[in-house]
file query24.cif (mmCIF, C-alpha atoms)
data_coords
#
loop_
_atom_site.label_atom_id
_atom_site.label_comp_id
_atom_site.auth_asym_id
_atom_site.auth_seq_id
_atom_site.Cartn_x
_atom_site.Cartn_y
_atom_site.Cartn_z
CA MET A 1 -13.73 -24.66 -27.06
CA MET A 2 -12.23 -21.16 -27.12
CA HIS A 3 -8.46 -20.86 -26.89
CA ILE A 4 -6.72 -20.22 -23.56
CA GLY A 5 -3.10 -19.13 -23.66
CA ASN A 6 -0.48 -21.82 -23.17
CA THR A 7 1.60 -19.45 -21.08
CA ILE A 8 -1.04 -18.96 -18.40
CA ASN A 9 -1.93 -22.66 -18.49
CA ALA A 10 1.67 -23.44 -17.54
CA VAL A 11 1.42 -21.31 -14.38
CA GLN A 12 0.58 -23.18 -11.18
CA THR A 13 -2.95 -22.71 -9.88
CA SER A 14 -2.93 -20.23 -7.02
CA ILE A 15 -3.34 -22.37 -3.93
CA ILE A 16 -4.91 -19.69 -1.71
CA PRO A 17 -8.26 -19.59 -3.61
CA VAL A 18 -8.34 -23.40 -3.60
CA ILE A 19 -7.83 -23.61 0.16
CA GLY A 20 -10.31 -20.75 0.56
CA GLU A 21 -12.98 -22.65 -1.37
CA TRP A 22 -12.46 -25.83 0.65
CA THR A 23 -12.69 -23.73 3.82
CA ARG A 24 -15.91 -22.04 2.75
CA ASN A 25 -17.41 -25.38 1.81
CA THR A 26 -16.67 -26.72 5.30
CA PRO A 27 -18.56 -24.44 7.71
CA GLY A 28 -16.82 -23.82 11.00
CA THR A 29 -13.31 -24.26 9.61
CA LEU A 30 -10.66 -22.02 11.16
CA SER A 31 -7.98 -20.85 8.77
CA LEU A 32 -4.25 -20.94 9.45
CA GLY A 33 -3.84 -20.52 5.72
CA GLN A 34 -3.76 -17.12 4.10
CA GLY A 35 -1.07 -14.61 5.06
CA MET A 36 -3.14 -11.89 6.68
CA VAL A 37 -3.36 -10.26 10.09
CA SER A 38 -6.41 -10.40 12.32
CA TYR A 39 -6.38 -6.73 13.28
CA PRO A 40 -7.97 -3.88 11.28
CA PRO A 41 -6.38 -0.70 9.90
CA PRO A 42 -5.65 2.07 12.42
CA SER A 43 -8.38 4.65 13.00
CA SER A 44 -6.04 7.32 11.62
CA ALA A 45 -6.27 5.62 8.20
CA LEU A 46 -10.05 5.69 8.24
CA LYS A 47 -10.05 9.30 9.40
CA TYR A 48 -8.08 10.35 6.32
CA ILE A 49 -10.79 9.08 3.96
CA GLN A 50 -13.94 10.09 5.83
CA ASP A 51 -14.40 13.13 3.57
CA PHE A 52 -12.93 11.58 0.45
CA GLY A 53 -14.92 12.30 -2.70
CA LEU A 54 -16.00 15.83 -1.82
CA LEU A 55 -13.40 17.51 -4.02
CA PRO A 56 -13.33 17.29 -7.84
CA GLU A 57 -9.66 16.23 -7.89
CA HIS A 58 -10.54 13.13 -5.90
CA HIS A 59 -12.06 11.68 -9.08
CA LEU A 60 -9.23 12.35 -11.55
CA TYR A 61 -6.32 10.26 -12.71
CA GLY A 62 -3.23 10.87 -10.63
CA SER A 63 0.49 10.58 -11.16
CA PRO A 64 1.68 7.06 -12.08
CA LEU A 65 4.36 7.46 -9.42
CA GLY A 66 1.85 8.17 -6.66
CA TYR A 67 0.19 10.99 -4.73
CA GLU A 68 2.90 13.52 -3.93
CA PRO A 69 2.12 13.97 -0.20
CA LEU A 70 2.23 10.18 0.23
CA LEU A 71 5.51 9.96 -1.67
CA GLN A 72 6.97 12.56 0.70
CA SER A 73 5.76 10.64 3.76
CA LEU A 74 7.17 7.40 2.38
CA ALA A 75 10.52 9.04 1.67
CA THR A 76 10.68 10.15 5.30
CA LYS A 77 9.75 6.66 6.51
CA LEU A 78 12.35 5.00 4.28
CA ASN A 79 15.05 7.36 5.51
CA HIS A 80 14.27 7.05 9.22
CA GLU A 81 13.38 3.35 9.40
CA ASN A 82 15.20 1.65 6.53
CA GLY A 83 18.25 3.86 6.07
CA ILE A 84 17.25 4.36 2.42
CA THR A 85 17.85 7.87 1.13
CA LEU A 86 16.00 8.86 -2.01
CA LYS A 87 18.45 10.86 -4.06
CA SER A 88 19.87 11.01 -7.55
CA GLY A 89 20.04 7.37 -8.58
CA ASN A 90 16.78 5.95 -7.24
CA ARG A 91 13.05 6.68 -7.32
CA LEU A 92 9.82 5.73 -5.57
CA MET A 93 6.50 4.45 -6.97
CA VAL A 94 3.19 3.52 -5.31
CA THR A 95 1.42 0.41 -6.61
CA ALA A 96 -1.72 -1.56 -5.85
CA GLY A 97 0.10 -3.89 -3.49
CA SER A 98 3.66 -5.24 -3.58
CA ASN A 99 2.65 -8.17 -5.81
CA MET A 100 1.91 -5.59 -8.51
CA ALA A 101 5.24 -3.94 -7.78
CA PHE A 102 7.02 -7.26 -8.40
CA LEU A 103 5.19 -7.89 -11.66
CA ASN A 104 5.86 -4.31 -12.80
CA VAL A 105 9.56 -4.83 -12.16
CA LEU A 106 9.66 -8.09 -14.10
CA ARG A 107 8.02 -6.42 -17.07
CA ALA A 108 10.68 -3.72 -16.94
CA ILE A 109 13.80 -5.89 -16.61
CA THR A 110 13.09 -9.18 -18.42
CA ASP A 111 12.59 -10.69 -21.84
CA PRO A 112 11.10 -14.14 -22.51
CA SER A 113 13.40 -17.01 -21.42
CA ASP A 114 15.32 -14.79 -18.97
CA GLU A 115 16.00 -16.30 -15.55
CA ILE A 116 15.17 -15.07 -12.05
CA ILE A 117 16.80 -16.76 -9.06
CA LEU A 118 14.50 -17.62 -6.15
CA PRO A 119 15.83 -19.07 -2.88
CA LEU A 120 13.83 -22.19 -2.00
CA PRO A 121 11.17 -22.31 -0.63
CA TYR A 122 9.94 -19.35 -2.63
CA TYR A 123 6.87 -17.13 -2.35
CA PHE A 124 4.49 -18.73 -4.84
CA ASN A 125 3.22 -15.49 -6.39
CA HIS A 126 6.80 -14.60 -7.34
CA GLU A 127 7.22 -17.91 -9.15
CA MET A 128 3.84 -17.48 -10.83
CA ALA A 129 4.64 -13.95 -12.03
CA ILE A 130 7.94 -15.10 -13.53
CA ARG A 131 6.23 -17.86 -15.51
CA MET A 132 3.45 -15.51 -16.66
CA LEU A 133 6.09 -13.52 -18.53
CA ASN A 134 7.58 -16.62 -20.14
CA CYS A 135 10.64 -16.31 -17.94
CA ILE A 136 12.28 -19.10 -15.97
CA PRO A 137 12.32 -19.31 -12.16
CA VAL A 138 15.55 -20.86 -10.94
CA SER A 139 15.10 -22.22 -7.41
CA VAL A 140 18.20 -22.45 -5.21
CA PRO A 141 18.06 -24.42 -1.95
CA THR A 142 18.59 -22.70 1.38
CA ASP A 143 20.28 -24.47 4.29
CA SER A 144 18.63 -26.52 7.04
CA ASN A 145 17.61 -23.31 8.84
CA TYR A 146 16.25 -21.77 5.63
CA GLN A 147 19.17 -19.35 5.43
CA LEU A 148 20.76 -18.23 2.16
CA GLN A 149 23.67 -20.17 0.68
CA LEU A 150 25.80 -17.65 -1.21
CA GLU A 151 27.85 -20.14 -3.20
CA ALA A 152 24.70 -21.95 -4.32
CA LEU A 153 23.27 -18.63 -5.50
CA ARG A 154 26.53 -17.83 -7.28
CA GLY A 155 26.49 -21.21 -8.97
CA ALA A 156 23.00 -20.64 -10.34
CA ILE A 157 23.94 -17.48 -12.24
CA THR A 158 24.01 -17.75 -16.05
CA ASN A 159 24.11 -15.26 -18.89
CA LYS A 160 20.29 -15.33 -18.82
CA THR A 161 20.01 -14.36 -15.14
CA ARG A 162 18.50 -10.93 -14.54
CA ALA A 163 17.87 -10.84 -10.78
CA ILE A 164 18.15 -12.58 -7.44
CA VAL A 165 15.08 -12.26 -5.20
CA THR A 166 15.26 -12.26 -1.41
CA VAL A 167 12.24 -12.21 0.90
CA SER A 168 13.14 -11.26 4.47
CA PRO A 169 11.44 -11.80 6.84
CA ASN A 170 10.50 -14.78 4.75
CA ASN A 171 7.28 -16.21 3.43
CA PRO A 172 6.77 -19.18 3.93
CA THR A 173 9.48 -19.98 6.51
CA GLY A 174 9.60 -16.92 8.79
CA ALA A 175 13.41 -16.84 8.44
CA VAL A 176 15.10 -13.47 8.78
CA TYR A 177 18.26 -13.03 6.70
CA PRO A 178 21.03 -11.29 8.63
CA GLU A 179 22.61 -8.09 7.35
CA VAL A 180 25.85 -9.83 6.42
CA ALA A 181 24.01 -12.31 4.16
CA LEU A 182 21.96 -9.62 2.42
CA ARG A 183 25.07 -7.51 1.90
CA ALA A 184 26.77 -10.53 0.32
CA VAL A 185 23.85 -11.14 -2.06
CA ASN A 186 23.76 -7.46 -2.97
CA GLN A 187 27.49 -7.50 -3.74
CA LEU A 188 27.07 -10.67 -5.79
CA CYS A 189 24.39 -8.93 -7.85
CA LYS A 190 26.62 -5.91 -8.33
CA GLU A 191 29.51 -8.07 -9.53
CA HIS A 192 27.34 -9.85 -12.10
CA ASN A 193 25.25 -6.85 -13.24
CA LEU A 194 22.07 -8.32 -11.77
CA TYR A 195 19.23 -6.70 -9.90
CA HIS A 196 18.75 -7.55 -6.25
CA ILE A 197 14.98 -7.59 -5.68
CA SER A 198 14.35 -7.33 -1.95
CA ASP A 199 10.79 -8.11 -0.83
CA GLU A 200 10.28 -6.50 2.58
CA ALA A 201 6.55 -6.90 3.12
CA TYR A 202 7.15 -8.30 6.64
CA GLU A 203 9.76 -5.74 7.69
CA TYR A 204 8.07 -5.00 11.04
CA PHE A 205 7.47 -8.65 11.96
CA THR A 206 10.63 -9.66 13.80
CA TYR A 207 10.95 -11.14 17.29
CA GLY A 208 13.42 -10.87 20.15
CA SER A 209 16.66 -9.10 19.29
CA VAL A 210 16.43 -9.85 15.56
CA ARG A 211 16.22 -6.80 13.30
CA HIS A 212 15.27 -6.29 9.68
CA PHE A 213 17.85 -4.96 7.20
CA SER A 214 17.14 -3.19 3.90
CA PRO A 215 19.75 -3.84 1.18
CA ALA A 216 18.93 -0.53 -0.52
CA SER A 217 20.55 1.20 2.45
CA ILE A 218 23.97 -0.06 1.27
CA ASP A 219 26.17 2.69 -0.15
CA GLY A 220 26.46 2.38 -3.91
CA SER A 221 23.53 -0.02 -4.25
CA GLU A 222 21.16 2.43 -5.99
CA SER A 223 21.84 1.23 -9.52
CA HIS A 224 20.98 -2.44 -8.97
CA THR A 225 18.72 -2.71 -5.89
CA ILE A 226 14.91 -2.85 -6.03
CA SER A 227 12.97 -2.84 -2.75
CA LEU A 228 9.32 -3.88 -2.42
CA PHE A 229 7.12 -2.82 0.50
CA SER A 230 3.49 -3.32 1.51
CA PHE A 231 0.84 -1.86 3.81
CA SER A 232 -1.17 -5.11 3.75
CA LYS A 233 0.47 -6.80 6.74
CA ALA A 234 1.67 -4.12 9.13
CA TYR A 235 -1.46 -1.96 8.91
CA GLY A 236 -4.18 -4.54 8.25
CA PHE A 237 -4.61 -3.19 4.71
CA ALA A 238 -5.00 -6.51 2.86
CA SER A 239 -8.08 -5.45 0.89
CA TRP A 240 -6.90 -1.88 0.33
CA ARG A 241 -4.05 -2.88 -2.01
CA VAL A 242 -1.30 -0.39 -1.28
CA GLY A 243 2.36 -1.14 -1.90
CA TYR A 244 5.42 0.75 -3.06
CA LEU A 245 8.85 0.17 -4.49
CA VAL A 246 12.24 1.86 -4.51
CA PHE A 247 14.03 1.33 -7.82
CA PRO A 248 17.02 2.51 -9.87
CA GLU A 249 16.32 5.74 -11.74
CA SER A 250 17.40 4.05 -14.98
CA LEU A 251 14.21 1.96 -14.80
CA LEU A 252 11.91 4.99 -14.60
CA PRO A 253 10.90 5.14 -18.31
CA ALA A 254 10.17 1.39 -18.40
CA LEU A 255 8.21 1.37 -15.13
CA LEU A 256 6.17 4.39 -16.20
CA LYS A 257 5.15 2.50 -19.35
CA VAL A 258 4.12 -0.53 -17.32
CA GLN A 259 2.26 1.45 -14.66
CA ASP A 260 0.39 3.63 -17.17
CA THR A 261 -0.69 0.62 -19.22
CA ASN A 262 -1.66 -1.66 -16.36
CA LEU A 263 -2.96 0.60 -13.59
CA ILE A 264 -2.48 4.26 -14.64
CA CYS A 265 -2.19 5.19 -10.97
CA ALA A 266 -2.79 3.59 -7.59
CA PRO A 267 -6.32 4.34 -6.28
CA LEU A 268 -6.26 7.74 -4.63
CA ILE A 269 -8.59 6.80 -1.77
CA THR A 270 -6.24 4.03 -0.61
CA GLN A 271 -3.26 6.36 -0.92
CA TYR A 272 -5.06 8.76 1.41
CA ALA A 273 -5.65 5.91 3.83
CA ALA A 274 -1.96 5.02 3.64
CA MET A 275 -1.04 8.55 4.68
CA GLY A 276 -3.27 8.12 7.70
CA ALA A 277 -1.55 4.85 8.58
CA LEU A 278 1.87 6.48 8.35
CA GLU A 279 0.66 9.16 10.75
CA ILE A 280 0.71 6.59 13.57
CA GLY A 281 3.56 4.61 12.01
CA ARG A 282 5.21 1.34 12.95
CA VAL A 283 4.19 1.58 16.60
CA TYR A 284 0.74 0.42 15.49
CA CYS A 285 2.19 -2.84 14.23
CA ARG A 286 4.67 -3.20 17.10
CA ASN A 287 1.87 -3.53 19.63
CA HIS A 288 0.35 -6.39 17.65
CA VAL A 289 3.71 -8.09 17.07
CA GLN A 290 4.11 -8.52 20.82
CA GLN A 291 0.89 -10.51 20.88
CA LEU A 292 1.90 -12.48 17.79
CA ASN A 293 5.13 -13.46 19.51
CA LYS A 294 3.18 -15.06 22.36
CA ILE A 295 1.11 -17.05 19.86
CA ARG A 296 4.26 -18.00 17.93
CA GLU A 297 5.97 -19.36 21.04
CA GLN A 298 2.92 -21.42 21.97
CA PHE A 299 2.66 -22.86 18.46
CA GLU A 300 6.33 -23.83 18.43
CA ILE A 301 6.19 -25.52 21.84
CA GLN A 302 3.16 -27.65 21.04
CA ILE A 303 4.13 -28.50 17.47
CA ASN A 304 7.67 -29.45 18.46
CA ALA A 305 6.17 -31.94 20.92
CA LEU A 306 4.67 -33.96 18.06
CA ASP A 307 6.49 -37.13 17.03
CA LYS A 308 5.91 -36.89 13.30
CA VAL A 309 6.52 -33.18 12.75
CA LYS A 310 9.66 -31.09 12.44
CA VAL A 311 9.62 -27.31 12.51
CA VAL A 312 12.56 -24.90 12.36
CA SER A 313 12.30 -22.06 14.84
CA THR A 314 12.51 -18.76 12.96
CA ASP A 315 12.37 -15.13 14.00
CA GLY A 316 10.12 -13.30 11.58
CA ALA A 317 6.83 -12.90 9.71
CA PHE A 318 3.96 -14.97 11.14
CA TYR A 319 4.57 -18.35 9.57
CA LEU A 320 5.82 -21.77 10.61
CA LEU A 321 6.80 -24.36 8.00
CA LEU A 322 6.04 -27.89 9.19
CA LYS A 323 7.61 -31.02 7.72
CA VAL A 324 5.28 -33.95 8.41
CA ASP A 325 6.41 -37.58 8.33
CA THR A 326 3.60 -39.12 6.30
CA GLN A 327 2.82 -41.10 3.17
CA LEU A 328 0.15 -38.56 2.27
CA ASN A 329 1.05 -35.80 -0.12
CA ASP A 330 0.71 -32.27 1.19
CA LEU A 331 -2.42 -31.41 -0.78
CA ALA A 332 -4.25 -34.51 0.41
CA LEU A 333 -3.21 -33.84 4.01
CA ALA A 334 -4.35 -30.23 3.81
CA LYS A 335 -7.70 -31.32 2.41
CA LYS A 336 -8.18 -33.94 5.15
CA LEU A 337 -7.33 -31.41 7.87
CA ILE A 338 -10.12 -29.19 6.56
CA SER A 339 -12.72 -31.91 5.99
CA ASP A 340 -12.03 -33.93 9.14
CA TYR A 341 -10.68 -31.39 11.64
CA LYS A 342 -11.89 -28.03 10.31
CA VAL A 343 -8.51 -26.32 10.24
CA ALA A 344 -6.89 -24.95 7.08
CA VAL A 345 -3.18 -24.73 6.23
CA VAL A 346 -1.30 -24.31 2.92
CA PRO A 347 0.56 -27.19 1.19
CA GLY A 348 4.30 -26.70 0.85
CA SER A 349 4.34 -27.70 -2.82
CA ALA A 350 2.96 -24.25 -3.63
CA PHE A 351 6.29 -22.88 -2.42
CA GLY A 352 8.38 -25.27 -4.52
CA LEU A 353 8.76 -28.00 -1.87
CA HIS A 354 8.02 -31.20 -3.76
CA GLU A 355 10.13 -33.67 -1.76
CA GLY A 356 8.42 -34.59 1.50
CA CYS A 357 5.21 -33.25 2.98
CA TYR A 358 5.35 -29.63 4.12
CA LEU A 359 2.58 -27.41 5.48
CA ARG A 360 2.71 -23.65 6.00
CA VAL A 361 0.92 -22.43 9.10
CA SER A 362 -0.05 -18.76 9.38
CA TYR A 363 -0.65 -17.68 12.97
CA GLY A 364 -1.36 -14.05 12.08
CA MET A 365 -4.90 -14.13 10.77
CA LEU A 366 -6.77 -15.31 13.88
CA ASP A 367 -7.09 -13.68 17.28
CA GLU A 368 -5.50 -15.40 20.26
CA ASP A 369 -8.59 -17.36 21.34
CA ALA A 370 -9.26 -18.65 17.82
CA CYS A 371 -5.58 -19.52 17.39
CA VAL A 372 -5.73 -21.76 20.48
CA ILE A 373 -8.68 -23.65 19.02
CA ALA A 374 -7.12 -23.89 15.55
CA LEU A 375 -3.83 -25.16 16.98
CA ASP A 376 -5.66 -27.82 18.98
CA ARG A 377 -7.44 -28.97 15.82
CA LEU A 378 -4.20 -29.06 13.85
CA ILE A 379 -2.42 -31.10 16.50
CA SER A 380 -5.36 -33.49 16.83
CA GLY A 381 -5.43 -33.96 13.09
CA ILE A 382 -1.73 -34.70 12.81
CA LYS A 383 -1.90 -37.12 15.78
CA LEU A 384 -4.96 -39.02 14.73
CA LEU A 385 -4.82 -39.11 10.94
CA ASN A 386 -3.30 -42.23 9.44
CA LEU A 387 -0.02 -40.55 8.54
#
call {"tool": "encode", "arguments": {"input": "query24.cif", "output": "structure tokens"}}
result
Amino acid sequence: MMHIGNTINAVQTSIIPVIGEWTRNTPGTLSLGQGMVSYPPPSSALKYIQDFGLLPEHHLYGSPLGYEPLLQSLATKLNHENGITLKSGNRLMVTAGSNMAFLNVLRAITDPSDEIILPLPYYFNHEMAIRMLNCIPVSVPTDSNYQLQLEALRGAITNKTRAIVTVSPNNPTGAVYPEVALRAVNQLCKEHNLYHISDEAYEYFTYGSVRHFSPASIDGSESHTISLFSFSKAYGFASWRVGYLVFPESLLPALLKVQDTNLICAPLITQYAAMGALEIGRVYCRNHVQQLNKIREQFEIQINALDKVKVVSTDGAFYLLLKVDTQLNDLALAKKLISDYKVAVVPGSAFGLHEGCYLRVSYGMLDEDACVIALDRLISGIKLLNL
């Protein structure tokens, strides 16, 4: 048998393809699993690529940092919406999705056996990327409302720590970290010469009066703050793979090495599409978020009525994290919900939750009518299975 690397063997199996295969093998299953939206990209994005390929430069390698007109549009967006000013001290790079941005950053800032702090529950692809580089993910519990605990984060710092990661709005909980908490984490990183990696893929997905805050907008944060953004959620760009990051200028030589070796440059056609999406801007997502909020409220009401399920009400993303009172483990329960009730969810163990049975529900990837059916199946399954 040919050798397979021990490092990659030690990385958890990505749960999304597993759930996807079970779903495909059970025709008629509705998925509340993968973190996608049900709506397509805006027409302005498609308009920008309708003539793509007619010019010779469309087929050449581009800058590893990104297509200059897109970089300019992103700089304007960051300034107006996030309060992030690109100036001496920080730079901007376009990647093939924000997962790539995260992995690029790890390659630039870590050596084997270095530690990265992840608030628990964590986004599983972050934990996987850390282990792929022979680094150590250090999970730190959040409180009962999935909010950050500063002293717990402080207590996890060692001389091997290189960064603290925050994801807000959060995957898998939907929690939104308030400005005061993110400022405190950013200051903690500054005091200990750590990077604050802020994943903001769900920046537009907040409900009610809750607002998203970008730590890179803090004065004096340029040297230690790294911000990750994505087009996948807000603009229905999941398959297009467009993300970007704001990073300290000191990391430019390292990130250029990583980008040139791994990707060379983000695909130009998707960068064109991204410019088209920015032409309409966040209003495109805002209209859909209003509908998502209605679905979210309905999910919370009906799930909270169940005897054996607890769910914390949160104000962001499009996820609910259910804790189910059952003797079944989460993977077995997820499999039974697919096979017996034709509804798919994601086991909480993928997010580092190994005590108790947790399920992540994504209410973003189905339209309203399908969500009603999927929710009914989920509730029936939880009620009737021998939990």
call {"tool": "resolve_selection", "arguments": {"input": "query24.cif", "expression": "the PyMOL selection byres ((chain A and resi 381) around 9)", "output": "list in words"}}
result
Lys336, Leu337, Asp340, Tyr341, Val343, Asp376, Arg377, Leu378, Ile379, Ser380, Ile382, Lys383, Leu384 and Leu385 of chain A
call {"tool": "resolve_selection", "arguments": {"input": "query24.cif", "expression": "the PyMOL selection byres ((chain A and resi 353) around 12)", "output": "ChimeraX atom specification"}}
result
/A:119-124,139-142,172-173,321-323,329-331,346-352,354-360
call {"tool": "atom_distance", "arguments": {"input": "query24.cif", "atom1": "CA of Pro112 (chain A)", "atom2": "CA of Leu228 (chain A)"}}
result
22.6 Å
call {"tool": "closest_residue", "arguments": {"input": "query24.cif", "among": "A:Gln302, A:Asn186, A:Asn170, A:Asn287", "to": "Asp315 (chain A)", "atoms": "all atoms listed in the file"}}
result
A:Asn170
call {"tool": "residues_around", "arguments": {"input": "query24.cif", "residues": "Val289 (chain A)", "least_positions_apart": "3", "cutoff": "10 Å", "atoms": "all atoms listed in the file", "output": "number ranges by chain"}}
result
A: 204-207, 234, 283-286, 292-296, 316-318, 364
call {"tool": "write_last_selection", "arguments": {"input": "query24.cif", "atoms": "C-alpha atoms", "output": "tab-separated table (two decimals), in the coordinates of the input"}}
result
chain	number	residue	atom	x	y	z
A	204	TYR	CA	8.07	-5.00	11.04
A	205	PHE	CA	7.47	-8.65	11.96
A	206	THR	CA	10.63	-9.66	13.80
A	207	TYR	CA	10.95	-11.14	17.29
A	234	ALA	CA	1.67	-4.12	9.13
A	283	VAL	CA	4.19	1.58	16.60
A	284	TYR	CA	0.74	0.42	15.49
A	285	CYS	CA	2.19	-2.84	14.23
A	286	ARG	CA	4.67	-3.20	17.10
A	292	LEU	CA	1.90	-12.48	17.79
A	293	ASN	CA	5.13	-13.46	19.51
A	294	LYS	CA	3.18	-15.06	22.36
A	295	ILE	CA	1.11	-17.05	19.86
A	296	ARG	CA	4.26	-18.00	17.93
A	316	GLY	CA	10.12	-13.30	11.58
A	317	ALA	CA	6.83	-12.90	9.71
A	318	PHE	CA	3.96	-14.97	11.14
A	364	GLY	CA	-1.36	-14.05	12.08
call {"tool": "resolve_selection", "arguments": {"input": "query24.cif", "expression": "the PyMOL selection byres ((chain A and resi 131) around 12)", "output": "ChimeraX atom specification"}}
result
/A:6-13,103,106-107,110-116,124-130,132-138
call {"tool": "axis_aligned_box", "arguments": {"input": "query24.cif", "around": "region 32-39 of chain A", "padding_each_side": "6 Å", "output": "lines of an AutoDock Vina configuration file"}}
result
center_x = -3.7
center_y = -13.8
center_z = 8.7
size_x = 17.3
size_y = 26.2
size_z = 21.2
call {"tool": "atom_distance", "arguments": {"input": "query24.cif", "atom1": "CA of Gln271 (chain A)", "atom2": "CA of Phe231 (chain A)"}}
result
10.3 Å
call {"tool": "closest_residue", "arguments": {"input": "query24.cif", "among": "A:Val309, A:Leu182, A:Ile15, A:Val37", "to": "Lys233 (chain A)", "atoms": "only C-alpha atoms"}}
result
A:Val37
call {"tool": "residues_around", "arguments": {"input": "query24.cif", "residues": "Phe213 (chain A)", "least_positions_apart": "5", "cutoff": "8 Å", "atoms": "only C-alpha atoms", "output": "PyMOL selection string"}}
result
chain A and resi 82+178-179+182
call {"tool": "residues_around", "arguments": {"input": "query24.cif", "residues": "Lys310 (chain A)", "least_positions_apart": "2", "cutoff": "8 Å", "atoms": "all atoms listed in the file", "output": "list in words"}}
result
Ile303, Asn304, Lys308, Val312, Leu322, Lys323 and Val324 of chain A
call {"tool": "decode", "arguments": {"input": "query24.cif", "residues": "region 243-272 of chain A", "atoms": "C-alpha atoms", "output": "CSV table (one decimal), in the first residue's frame"}}
result
chain,number,residue,atom,x,y,z
A,243,GLY,CA,-12.5,35.9,-0.8
A,244,TYR,CA,-10.1,38.5,0.4
A,245,LEU,CA,-8.0,39.5,3.4
A,246,VAL,CA,-6.7,42.6,5.0
A,247,PHE,CA,-3.3,42.0,6.6
A,248,PRO,CA,-0.3,43.7,8.1
A,249,GLU,CA,2.2,45.0,5.5
A,250,SER,CA,5.0,43.1,7.3
A,251,LEU,CA,3.4,39.9,6.1
A,252,LEU,CA,3.4,40.9,2.4
A,253,PRO,CA,6.6,39.1,1.4
A,254,ALA,CA,5.5,35.8,3.1
A,255,LEU,CA,1.9,36.0,1.7
A,256,LEU,CA,3.2,36.7,-1.8
A,257,LYS,CA,5.3,33.5,-1.6
A,258,VAL,CA,2.4,31.5,-0.4
A,259,GLN,CA,0.0,32.9,-3.0
A,260,ASP,CA,2.4,32.5,-5.9
A,261,THR,CA,3.2,28.9,-5.0
A,262,ASN,CA,-0.4,27.8,-4.2
A,263,LEU,CA,-2.6,29.8,-6.5
A,264,ILE,CA,-0.5,32.3,-8.5
A,265,CYS,CA,-3.6,34.6,-8.7
A,266,ALA,CA,-7.3,34.3,-8.0
A,267,PRO,CA,-9.2,33.4,-11.2
A,268,LEU,CA,-9.8,36.6,-13.2
A,269,ILE,CA,-13.3,35.7,-14.3
A,270,THR,CA,-14.5,35.4,-10.7
A,271,GLN,CA,-12.8,38.7,-9.8
A,272,TYR,CA,-14.8,40.3,-12.6
